[in-house]
Amino acid sequence: MSSPAASMSKKAAVSSSGTASKTGFRLDSKLLVKIHDNMVKARVLEERLIRVYKQNQGYFWLGGPGEEAFQVPLGLQIHKGMGLDHDIMHFHYRQGPTLVPMGLDPADAMRQMKNTATDPFSGGRNFASHYSIKEWNVVPVTSTIETQYLTAIGAGIAHARHGGKGITIVTGGDAGTAEGDFASCLVWASRPMLPLPMLIIVTNNGYGISTAAGPQHGEKEIADRARAFQIPAKRINGNDVEESYFAIQEAMEYVRKERKPYFIEAMVSRLYGHSSASGANWQNELDPIVVFEEKLEKAGVMKRADMDALRERYTQEMLDLSRKVQEEPMPDPSTIYDHTYVGQKGRYW
Amino acid sequence: MSSPAASMSKKAAVSSSGTASKTGFRLDSKLLVKIHDNMVKARVLEERLIRVYKQNQGYFWLGGPGEEAFQVPLGLQIHKGMGLDHDIMHFHYRQGPTLVPMGLDPADAMRQMKNTATDPFSGGRNFASHYSIKEWNVVPVTSTIETQYLTAIGAGIAHARHGGKGITIVTGGDAGTAEGDFASCLVWASRPMLPLPMLIIVTNNGYGISTAAGPQHGEKEIADRARAFQIPAKRINGNDVEESYFAIQEAMEYVRKERKPYFIEAMVSRLYGHSSASGANWQNELDPIVVFEEKLEKAGVMKRADMDALRERYTQEMLDLSRKVQEEPMPDPSTIYDHTYVGQKGRYW
Amino acid sequence: MASIVQAIRMALHYGETHLDLKEVFGEDVGPPLGGAFTATQGVECAWNSPLDERGIMGAAIGMGLAGHRCVAEIQFSDYIYNTIDLMKVAGLQCWQSNGAWNLPMTIMTPTGSGIRGSIYHSHSFEATATHIPGWKIVYPSNSLDAYGLLLACMKEPNPTLYLKPKALMRARAEEQIPGEPPLTPEGQKLLSQMIDKPVQGDTSKWKPKWPKLTDYTVPIGEGKITRPGEHVTVVTYGRHVPIANQVADQLLQEGISTEVIDMRTLWPYDWNMISGSIRKTGRVIFLNEELEVTNFGEHLLRRTVDEMFYELEARPRLLAGEFVPGIGLADPLEMASVPQANHIEKAIREIVQERA
Amino acid sequence: MASIVQAIRMALHYGETHLDLKEVFGEDVGPPLGGAFTATQGVECAWNSPLDERGIMGAAIGMGLAGHRCVAEIQFSDYIYNTIDLMKVAGLQCWQSNGAWNLPMTIMTPTGSGIRGSIYHSHSFEATATHIPGWKIVYPSNSLDAYGLLLACMKEPNPTLYLKPKALMRARAEEQIPGEPPLTPEGQKLLSQMIDKPVQGDTSKWKPKWPKLTDYTVPIGEGKITRPGEHVTVVTYGRHVPIANQVADQLLQEGISTEVIDMRTLWPYDWNMISGSIRKTGRVIFLNEELEVTNFGEHLLRRTVDEMFYELEARPRLLAGEFVPGIGLADPLEMASVPQANHIEKAIREIVQERA
Ligand SMILES: Cc1ncc(C[n+]2csc(CCOP(=O)(O)OP(=O)(O)O)c2C)c(N)n1
Ligand SMILES: Cc1ncc(C[n+]2csc(CCOP(=O)(O)OP(=O)(O)O)c2C)c(N)n1
Ligand SMILES: [Mg+2]
Ligand SMILES: [Mg+2]
């Protein structure tokens with residue numbers, strides 16, 4: 001199952017003679033519109049999940065609003081599918097906006113938010129945004145900060161042995177880089193005896209829950225830590241769609257071809273705070289959608305009214321889905337041991 | 001309890017007009033002789049411990065032969081004593097040559113090697129070279145690789161709060177830097193909100209047991225990893241006495257005064273292999289004592305015959321001590337629970 | 001009427017002003033948040049650490065060895081499992097050095113289920129903790145004990161683990177902490193005005209007004225009989241104490257008399273109290289919410305068998321959490337995974353009817 | 001007459017040639033050393049990892065999720081304690097994804113005391129391991145089982161933990177591994193010439209000559225009665241199997257008939273075999289060398305009490321390691337910390353004399 005999105009990552013997306021140059025954008029207008037569509041969809045989905053929480057129909061929310069300008073271009077360029085010919089994702093819990101352009105069904109996100117038995121990611125067992133999609137090589141998101149940088153190593157090794165174009169992608173936050181696991185990932189990815197085809201990403205929103213990054217980080221950029229291992233590394237403005245798109249494109253081309261690691265630190269916003277535990281209220285940070293929409297409007301790629309209508313449409317769609325999902329059953333208590341092992345329950349047998 | 005050794009670290013040790021310039025050394029002759037004396041003593045002690053193992057009077061040996069040119073200058077410049085006015089050491093298991101110039105009684109090292117009840121470091125409980133000297137702020141050496149880089153953080157914080165001249169010193173090997181704990185140490189030591197007065201040392205002997213460093217390290221120098229945190233860092237030839245001495249001096253002056261971290265990567269030899277588990281046999285690596293003795297002889301600081309006699313004397317001394325210690329009792333089986341807690345046994349009460 | 005959270009704050013304040021407490025740290029422990037449960041809010045020496053549990057545990061050990069006393073927090077006990085090697089290292093410093101060194105330090109961490117925490121905010125930690133020699137482990141079930149046990153930890157020359165029941169963090173005490181305002185609605189409001197940081201407005205300059213607190217120490221190793229009884233002993237701790245009390249009260253109306261023991265200290269535990277009670281009732285249920293396999297309650301049961309096998313009047317029981325990989329988020333899953341009041345009631349009814 | 005070390009090598013070779021084994025890795029696992037105990041010597045796909053247990057465990061998980069099968073080694077189980085969180089992560093992948101994912105991976109690690117390993121080469125790991133849901137855990141006590149259980153692990157679609165008894169790594173089997181040379185001194189020498197790397201000389205180009213090995217799988221979950229008996233059941237595993245056998249043989253001469261069960265798999269364990277034996281003898285000793293507090297044997301004892309309390313003819317017992325922070329290096333300390341033959345003998349004599 002190869003993704004149509006993957007073909008988007010071809011340089012063809014950049015129209016040198018077509019619409020792009022006229023608009024002042026480097027990406028062509030069709031792609032810009034598609035990115036915008038996904039950003040809005042992803043945002044509205046997160047906002048719906050927050051409503052679900054606030055209406056006491058779910059216990060806990062966290063997610064990725066504010067990271068769309070980086071996450072959507074990432075999702076569009078992932079080589080989606082199952083098995084080692086495709087990219088393998090070891091994600092953390094802010095990856096909704098990556099999965100939306102990959103084809104995530106928003107209803108499924110709501111199912112997990114409402115912990116219904118129909119939740120396809122965890123059957124009502126796990127928190128919101130803890131995605132798991134076997135068909136797309138999205139391994140189960142685990143709450144433990146930074147362990148994904150360790151598990152990703154194994155995918156990287158499998159990819160290194162397998163060859164081809166598939167790469168391993170790992171994401172996480174800025175504060176989490178203080179865990180030794182982040183360093184382990186750099187150590188293993190850069191070993192001369194077997195460099196790993198990994199795109200190592202940190203989304204830097206300047207906070208770990210309530211803890212501001214400034215007083216905690218002795219390094220100028222987190223990217224410097226990758227550079228110490230001679231890993232090509234870039235810090236980018238993750239709130240800028242084009243900067244993100246091209247940085248990811250360049251990184252992926254390098255990793256797919258050279259079969260070596262590449263590091264991106266994307267500076268992003270955290271628009272609803274850390275999670276519902278801190279209220280999930282709107283924060284006074286730069287909104288990448290606002291920025292992007294201003295540019296799109298100014299460049300004449302989209303009209304204000306169309307953008308508003310789009311948001312309206314998604315808002316209604318999400319509300320309808322949310323209502324629909326509300327009817328779905330809770331998991332049965334008798335199932336607590338199901339799938340402890342493949343096809344086996346897990347107590348004493 | 002302030003150490004006479006500490007005063008050695010004053011720049012006065014460098015004689016600009018005296019013997020030093022004549023010899024071609026930058027250090028004055030008295031200090032050179034003292035360093036040599038300690039290097040030989042430390043070496044002969046390790047070689048005696050290896051004999052003890054080979055004669056089946058001890059179960060396991062590992063230690064620091066090959067690291068003397070770095071470790072002895074380190075030991076001489078440590079501000080020795082108890083409490084936060086003094087340096088606190090979180091060492092690993094190759095630190096005998098640091099402790100010898102600090103005043104270690106070689107008989108005590110033998111007691112631990114033979115696991116007698118009289119072993120002052122662990123009462124016959126721990127492996128050789130697992131020193132623990134409360135009066136000198138040498139915290140118990142623990143076998144777990146790299147955890148000392150974590151525990152040292154706490155000493156660094158205590159030192160940062162306390163102020164004064166005392167600093168925290170942590171040592172470990174090159175392979176161990178792959179553990180995330182090494183990165184944690186750099187993270188915590190370099191935090192803008194509380195930089196820590198720590199001298200962070202890695203002795204790089206190019207191996208972790210049987211594993212050669214080359215294929216495992218993506219970084220050019222381990223020191224680059226400290227530089228990523230804006231920690232001043234140097235890779236030095238730890239087989240050279242003077243280079244080591246001055247690098248340590250410079251580092252210590254910086255840390256003591258600026259109350260900020262400094263990193264040294266010392267390239268050293270591993271002259272008897274990893275441990276008795278790999279045979280504890282002589283390896284074909286550069287011997288820093290041979291190098292130093294050649295220089296001393298050539299410069300006229302010491303005579304061959306005197307150096308030989310010194311080694312002879314220590315060899316005999318260690319043999320005598322070893323015999324003496326042989327008579328000492330084993331720990332009593334009834335003591336296994338002693339000191340589980342301060343003044344308490346530890347089973348069920 | 002202090003909550004456990006408030007009691008902890010007050011204890012830490014007492015520690016930094018009267019005992020030798022120098023540092024309180026952990027993830028989000030300092031301003032602005034003052035801890036995931038606000039248990040370190042207003043504490044002068046509290047600060048935010050890097051997001052690094054291994055660093056936190058290591059730093060605590062290094063401070064302790066330097067004689068620099070701390071209370072360090074692991075944000076949830078769910079996230080303590082990458083530090084087990086370090087906890088072992090902490091536990092053997094004194095023993096390894098044959099008594100030369102000691103290690104005063106306290107780790108506190110919220111533990112257990114009951115807050116709909118799903119897989120990673122519902123973990124219990126007692127089984128793993130009690131298997132590590134060299135620590136003392138306490139687990140308060142109410143505010144007064146929370147205060148008194150934290151003071152005990154801060155006076156202890158050995159490593160102490162202070163487990164906080166997640167489910168009870170906002171539960172109010174029935175007993176007064178020496179110094180806190182009276183146990184009235186007004187007193188509760190007053191305390192809140194004094195030491196709860198306002199949720200609204202600019203709080204960057206907020207400082208608590210501490211009540212005049214005095215020393216109140218619950219000695220480590222002493223349990224408490226929270227309900228005296230004759231027919232059966234329920235040995236529990238933390239979150240399950242109020243639930244067991246409630247079940248005991250209810251069954252008493254039918255004439256079933258249950259003795260409930262709040263262990264308060266898990267290690268070293270109050271065997272005198274426990275064994276005395278079991279000898280009296282002849283029937284015992286060890287109740288906790290930890291995974292039931294290689295469970296600390298199994299140790300207590302084994303010791304009961306060791307010493308009282310021929311005296312028991314019924315099969316001794318363990319009532320513990322199901323051996324599931326996680327507590328599922330959905331309500332029916334959590335209810336089925338962790339002992340609830342109805343499970344306890346059923347177990348008590350069964351054991352009192354059983355005749356050996 | 002293969003040693004356990006040789007048996008493991010042969011199993012890994014079988015795995016990389018006949019099963020889907022892709023990677024064998026860990027600290028010093030590849031050339032030149034081939035493992036701290038040389039158990040991976042000559043294995044084609046074996047390589048040296050960085051010195052990073054968390055990386056090793058994480059890499060194994062990531063490989064497993066990618067369908068890329070590995071056997072990863074933690075050099076000593078003493079050093080696995082910084083990966084417990086990851087083991088929990090591994091154990092819940094299938095459950096957390098509600099069955100969508102599975103995780104084929106094997107971690108092997110030398111465990112237990114008996115090599116004068118002092119504090120950090122004597123740790124047992126069973127208590128901690130059996131408290132982690134989602135794993136299957138095996139622990140061979142002889143070379144044939146070492147071979148057969150490793151094959152079982154390499155065929156298993158779930159995470160498996162393969163514990164190797166440090167004390168028995170060079171012990172020789174009494175049973176032949178299918179394909180290995182005959183169990184004669186000549187056969188043993190031949191096998192050594194074929195698959196032991198010479199200790200002297202230039203061995204950089206050395207390659208093993210593997211015997212023609214065939215499939216022999218010991219199913220996970222099946223114990224083995226190594227001594228049939230009537231009076232008492234001793235349930236043990238790993239290092240203590242040969243010791244228990246020897247004590248049983250010796251006591252048989254006095255007419256005390258001991259049934260020894262080698263569990264072989266710790267999880268899921270062979271309760272049919274264990275409970276059947278206990279029902280027959282009415283007396284049971286759970287024997288292991290782990291720290292005795294919150295010990296896996298206490299779980300087995302609890303389950304015995306659960307199901308057979310009223311059938312037992314004597315108090316069931318745990319004979320386990322002392323709850324010390326470490327195994328002291330000096331001989332008298334190790335002997336006093338871990339059950340030895342004389343302790344086992346004493347326990348058996350006591351229990352057979354006891355009348356309920
Ligand atoms: C090992 C671990 N420790 C602590 C936590 C609790 N926690 C959840 S999110 C978080 C902050 C993460 O900050 P960052 O890495 O910057 O990612 P962000 O949420 O900002 O994207 C913390 C401390 C956890 N989930 N796992
Ligand atoms: C956590 C941990 N893992 C593994 C070991 C086993 N071990 C002991 S020494 C060693 C190699 C250390 O190499 P390096 O860090 O370079 O130090 P060196 O011994 O070369 O000085 C290993 C793997 C250990 N002691 N601790
Ligand atoms: Mg962040
Ligand atoms: Mg080394």
# chains A, B, ... in the order shown; residues from 1 in each chain; ligands from 1
>>> interface_residues(of="chain B", to="chain D", cutoff="7 Å", atoms="only C-alpha atoms", output="MDAnalysis selection string")
chainID B and resid 59 115 124:127 143:144 175:176 178:179 210:211 216 330:333 336:337 340 347
>>> interface_residues(of="chain A", to="chain B", cutoff="9 Å", atoms="only C-alpha atoms", output="JSON, numbers by chain")
{"A": [178, 179, 180, 181, 182, 183, 184, 186, 187, 188, 189, 190, 191, 192, 193, 194, 195, 214, 215, 216, 217, 218, 219, 220, 221, 222, 223, 224, 225, 226, 227, 228, 229, 230, 231]}
>>> write_last_selection(atoms="N, CA and C atoms", output="mmCIF file, in the first residue's frame")
data_model
loop_
_atom_site.group_PDB
_atom_site.id
_atom_site.type_symbol
_atom_site.label_atom_id
_atom_site.label_comp_id
_atom_site.auth_asym_id
_atom_site.auth_seq_id
_atom_site.Cartn_x
_atom_site.Cartn_y
_atom_site.Cartn_z
ATOM 1 N N ALA A 178 16.354 16.103 27.517
ATOM 2 C CA ALA A 178 17.190 15.959 28.719
ATOM 3 C C ALA A 178 17.310 14.502 29.158
ATOM 4 N N GLU A 179 16.363 13.692 28.745
ATOM 5 C CA GLU A 179 16.492 12.259 29.040
ATOM 6 C C GLU A 179 17.687 11.715 28.261
ATOM 7 N N GLY A 180 18.443 10.850 28.880
ATOM 8 C CA GLY A 180 19.587 10.265 28.208
ATOM 9 C C GLY A 180 19.218 9.548 26.912
ATOM 10 N N ASP A 181 17.976 9.144 26.799
ATOM 11 C CA ASP A 181 17.548 8.383 25.620
ATOM 12 C C ASP A 181 17.746 9.152 24.326
ATOM 13 N N PHE A 182 17.609 10.461 24.410
ATOM 14 C CA PHE A 182 17.816 11.271 23.216
ATOM 15 C C PHE A 182 19.265 11.118 22.741
ATOM 16 N N ALA A 183 20.190 11.190 23.673
ATOM 17 C CA ALA A 183 21.604 11.019 23.320
ATOM 18 C C ALA A 183 21.861 9.622 22.771
ATOM 19 N N SER A 184 21.232 8.623 23.380
ATOM 20 C CA SER A 184 21.412 7.251 22.892
ATOM 21 C C SER A 184 21.042 7.149 21.424
ATOM 22 N N LEU A 186 21.216 9.470 19.166
ATOM 23 C CA LEU A 186 22.282 10.069 18.352
ATOM 24 C C LEU A 186 23.493 9.142 18.282
ATOM 25 N N VAL A 187 23.824 8.525 19.405
ATOM 26 C CA VAL A 187 24.970 7.595 19.456
ATOM 27 C C VAL A 187 24.758 6.448 18.470
ATOM 28 N N TRP A 188 23.618 5.816 18.558
ATOM 29 C CA TRP A 188 23.366 4.630 17.725
ATOM 30 C C TRP A 188 23.189 4.992 16.253
ATOM 31 N N ALA A 189 22.551 6.121 16.004
ATOM 32 C CA ALA A 189 22.278 6.488 14.613
ATOM 33 C C ALA A 189 23.556 6.820 13.854
ATOM 34 N N SER A 190 24.572 7.297 14.578
ATOM 35 C CA SER A 190 25.762 7.824 13.908
ATOM 36 C C SER A 190 26.962 6.881 13.964
ATOM 37 N N ARG A 191 26.753 5.647 14.382
ATOM 38 C CA ARG A 191 27.905 4.746 14.492
ATOM 39 C C ARG A 191 28.526 4.496 13.118
ATOM 40 N N PRO A 192 29.844 4.668 13.016
ATOM 41 C CA PRO A 192 30.498 4.400 11.728
ATOM 42 C C PRO A 192 30.244 2.979 11.235
ATOM 43 N N MET A 193 30.095 2.021 12.114
ATOM 44 C CA MET A 193 29.907 0.651 11.640
ATOM 45 C C MET A 193 28.534 0.402 11.030
ATOM 46 N N LEU A 194 27.568 1.225 11.342
ATOM 47 C CA LEU A 194 26.246 1.067 10.735
ATOM 48 C C LEU A 194 25.424 2.336 10.936
ATOM 49 N N PRO A 195 25.676 3.346 10.098
ATOM 50 C CA PRO A 195 24.866 4.565 10.213
ATOM 51 C C PRO A 195 23.416 4.216 9.881
ATOM 52 N N GLY A 214 14.431 27.983 28.520
ATOM 53 C CA GLY A 214 15.620 28.821 28.674
ATOM 54 C C GLY A 214 16.548 28.415 29.812
ATOM 55 N N PRO A 215 16.051 28.400 31.029
ATOM 56 C CA PRO A 215 16.945 28.133 32.156
ATOM 57 C C PRO A 215 17.477 26.697 32.210
ATOM 58 N N GLN A 216 16.918 25.808 31.357
ATOM 59 C CA GLN A 216 17.261 24.391 31.443
ATOM 60 C C GLN A 216 18.268 23.937 30.387
ATOM 61 N N HIS A 217 18.467 24.747 29.349
ATOM 62 C CA HIS A 217 19.282 24.264 28.223
ATOM 63 C C HIS A 217 20.597 25.022 28.103
ATOM 64 N N GLY A 218 21.690 24.328 28.301
ATOM 65 C CA GLY A 218 23.012 24.920 28.155
ATOM 66 C C GLY A 218 23.446 25.015 26.705
ATOM 67 N N GLU A 219 22.849 24.199 25.855
ATOM 68 C CA GLU A 219 23.224 24.238 24.433
ATOM 69 C C GLU A 219 22.518 25.402 23.756
ATOM 70 N N LYS A 220 23.173 25.982 22.735
ATOM 71 C CA LYS A 220 22.559 27.110 22.013
ATOM 72 C C LYS A 220 21.325 26.627 21.264
ATOM 73 N N GLU A 221 21.501 25.527 20.574
ATOM 74 C CA GLU A 221 20.394 24.893 19.860
ATOM 75 C C GLU A 221 20.467 23.407 20.203
ATOM 76 N N ILE A 222 19.336 22.776 20.234
ATOM 77 C CA ILE A 222 19.356 21.330 20.434
ATOM 78 C C ILE A 222 20.081 20.676 19.260
ATOM 79 N N ALA A 223 19.973 21.308 18.099
ATOM 80 C CA ALA A 223 20.634 20.770 16.905
ATOM 81 C C ALA A 223 22.142 20.607 17.100
ATOM 82 N N ASP A 224 22.730 21.434 17.953
ATOM 83 C CA ASP A 224 24.172 21.302 18.190
ATOM 84 C C ASP A 224 24.530 19.931 18.752
ATOM 85 N N ARG A 225 23.614 19.359 19.454
ATOM 86 C CA ARG A 225 23.898 18.041 20.037
ATOM 87 C C ARG A 225 24.012 16.992 18.945
ATOM 88 N N ALA A 226 23.229 17.132 17.897
ATOM 89 C CA ALA A 226 23.351 16.207 16.766
ATOM 90 C C ALA A 226 24.643 16.481 16.007
ATOM 91 N N ARG A 227 24.962 17.770 15.851
ATOM 92 C CA ARG A 227 26.195 18.127 15.134
ATOM 93 C C ARG A 227 27.420 17.540 15.792
ATOM 94 N N ALA A 228 27.391 17.416 17.116
ATOM 95 C CA ALA A 228 28.543 16.831 17.812
ATOM 96 C C ALA A 228 28.817 15.413 17.317
ATOM 97 N N PHE A 229 27.790 14.769 16.799
ATOM 98 C CA PHE A 229 27.953 13.413 16.257
ATOM 99 C C PHE A 229 28.136 13.429 14.742
ATOM 100 N N GLN A 230 28.422 14.612 14.199
ATOM 101 C CA GLN A 230 28.589 14.780 12.764
ATOM 102 C C GLN A 230 27.333 14.412 11.985
ATOM 103 N N ILE A 231 26.208 14.573 12.632
ATOM 104 C CA ILE A 231 24.926 14.369 11.967
ATOM 105 C C ILE A 231 24.490 15.716 11.384
#
>>> residues_near_ligand(ligand="ligand 3", cutoff="9 Å", atoms="only C-alpha atoms and all ligand atoms", output="MDAnalysis selection string")
chainID A and resid 172:176 202:209 211:213 268 270 274
>>> residues_around(residues="Pro120 of chain A", least_positions_apart="5", cutoff="9 Å", atoms="only C-alpha atoms", output="list in words")
Asp108, Ala109, Arg111, Gln112, Tyr131, Ser132 and Ile133 of chain A; Ser97, Asn98 and Ala100 of chain D
>>> write_last_selection(atoms="C-alpha atoms", output="PDB file, in the first residue's frame")
ATOM      1  CA  ASP A 108     -11.050   7.333  15.130  1.00  0.00           C
ATOM      2  CA  ALA A 109      -9.291  10.090  17.056  1.00  0.00           C
ATOM      3  CA  ARG A 111     -13.129   7.184  19.550  1.00  0.00           C
ATOM      4  CA  GLN A 112      -9.868   7.127  21.425  1.00  0.00           C
ATOM      5  CA  TYR A 131      -2.039   6.591  17.838  1.00  0.00           C
ATOM      6  CA  SER A 132      -1.089   3.175  16.560  1.00  0.00           C
ATOM      7  CA  ILE A 133      -1.590   2.275  12.917  1.00  0.00           C
TER       8      ILE A 133
ATOM      9  CA  SER D  97      -2.646  -1.628  20.515  1.00  0.00           C
ATOM     10  CA  ASN D  98      -5.520  -3.976  21.288  1.00  0.00           C
ATOM     11  CA  ALA D 100      -2.804  -4.838  16.287  1.00  0.00           C
TER      12      ALA D 100
END
>>> interface_residues(of="chain C", to="chain D", cutoff="7 Å", atoms="only C-alpha atoms", output="ChimeraX atom specification")
/C:81-85,91-92,95,127-128,130-131,133-134,293-296,298-299,301-302,305,309,315,323-325
>>> residues_around(residues="Glu230 of chain C", least_positions_apart="4", cutoff="10 Å", atoms="only C-alpha atoms", output="PDB file with N, CA, C and O atoms, in the first residue's frame")
ATOM      1  N   ILE C 256     -20.564  -8.060  61.141  1.00  0.00           N
ATOM      2  CA  ILE C 256     -19.236  -8.537  60.728  1.00  0.00           C
ATOM      3  C   ILE C 256     -18.213  -7.500  61.161  1.00  0.00           C
ATOM      4  O   ILE C 256     -18.256  -6.348  60.740  1.00  0.00           O
ATOM      5  N   SER C 257     -17.304  -7.909  62.020  1.00  0.00           N
ATOM      6  CA  SER C 257     -16.378  -6.972  62.643  1.00  0.00           C
ATOM      7  C   SER C 257     -14.999  -7.097  62.010  1.00  0.00           C
ATOM      8  O   SER C 257     -14.315  -8.106  62.161  1.00  0.00           O
ATOM      9  N   THR C 258     -14.610  -6.069  61.296  1.00  0.00           N
ATOM     10  CA  THR C 258     -13.365  -6.090  60.524  1.00  0.00           C
ATOM     11  C   THR C 258     -12.324  -5.183  61.159  1.00  0.00           C
ATOM     12  O   THR C 258     -12.605  -4.016  61.436  1.00  0.00           O
ATOM     13  N   GLU C 259     -11.137  -5.713  61.373  1.00  0.00           N
ATOM     14  CA  GLU C 259     -10.042  -4.854  61.813  1.00  0.00           C
ATOM     15  C   GLU C 259      -9.281  -4.394  60.588  1.00  0.00           C
ATOM     16  O   GLU C 259      -8.803  -5.204  59.796  1.00  0.00           O
ATOM     17  N   SER C 277      -2.774  -8.797  65.171  1.00  0.00           N
ATOM     18  CA  SER C 277      -4.162  -8.753  64.713  1.00  0.00           C
ATOM     19  C   SER C 277      -4.576 -10.086  64.089  1.00  0.00           C
ATOM     20  O   SER C 277      -5.674 -10.594  64.347  1.00  0.00           O
ATOM     21  N   ILE C 278      -3.699 -10.645  63.283  1.00  0.00           N
ATOM     22  CA  ILE C 278      -4.040 -11.926  62.631  1.00  0.00           C
ATOM     23  C   ILE C 278      -4.205 -13.019  63.684  1.00  0.00           C
ATOM     24  O   ILE C 278      -5.107 -13.854  63.610  1.00  0.00           O
ATOM     25  N   LYS C 280      -5.274 -12.627  66.567  1.00  0.00           N
ATOM     26  CA  LYS C 280      -6.554 -12.369  67.224  1.00  0.00           C
ATOM     27  C   LYS C 280      -7.741 -12.828  66.364  1.00  0.00           C
ATOM     28  O   LYS C 280      -8.633 -13.524  66.833  1.00  0.00           O
ATOM     29  N   THR C 281      -7.715 -12.456  65.074  1.00  0.00           N
ATOM     30  CA  THR C 281      -8.880 -12.745  64.225  1.00  0.00           C
ATOM     31  C   THR C 281      -8.788 -14.108  63.538  1.00  0.00           C
ATOM     32  O   THR C 281      -9.807 -14.694  63.171  1.00  0.00           O
ATOM     33  N   GLY C 282      -7.563 -14.587  63.302  1.00  0.00           N
ATOM     34  CA  GLY C 282      -7.394 -15.861  62.612  1.00  0.00           C
ATOM     35  C   GLY C 282      -7.676 -15.783  61.112  1.00  0.00           C
ATOM     36  O   GLY C 282      -7.562 -16.779  60.395  1.00  0.00           O
ATOM     37  N   ARG C 283      -8.014 -14.616  60.651  1.00  0.00           N
ATOM     38  CA  ARG C 283      -8.372 -14.439  59.247  1.00  0.00           C
ATOM     39  C   ARG C 283      -7.753 -13.161  58.721  1.00  0.00           C
ATOM     40  O   ARG C 283      -7.865 -12.125  59.347  1.00  0.00           O
TER      41      ARG C 283
END
>>> residues_around(residues="segment 32-45 of chain B", least_positions_apart="6", cutoff="10 Å", atoms="only C-alpha atoms", output="ChimeraX atom specification")
/B:13,20,25-26,51,63-73,75-76,95-104,106-107,109-110,241-242,245,288-289,292-293,296,301-302,307-308,310-319,322
>>> closest_residue(among="B:Tyr254, B:Trp136, B:Phe246, B:Tyr93", to="ligand 4", atoms="only C-alpha atoms and all ligand atoms")
B:Tyr93
>>> closest_residue(among="D:Gln340, D:Asn272, D:Ser77, D:Asn102", to="Val139 of chain A", atoms="only C-alpha atoms")
D:Asn102
>>> atom_distance(atom1="atom CA of Lys212 of chain D", atom2="atom CA of Gln6 of chain D")
14.0 Å
>>> select_by_dssp(residues="segment 190-335 of chain B", states="strand (DSSP E)", output="PyMOL selection string")
chain B and resi 198-204+207-208+211-212+233-237+262-267
>>> atom_distance(atom1="atom CA of Gly321 of chain C", atom2="atom CA of Arg170 of chain C")
22.9 Å
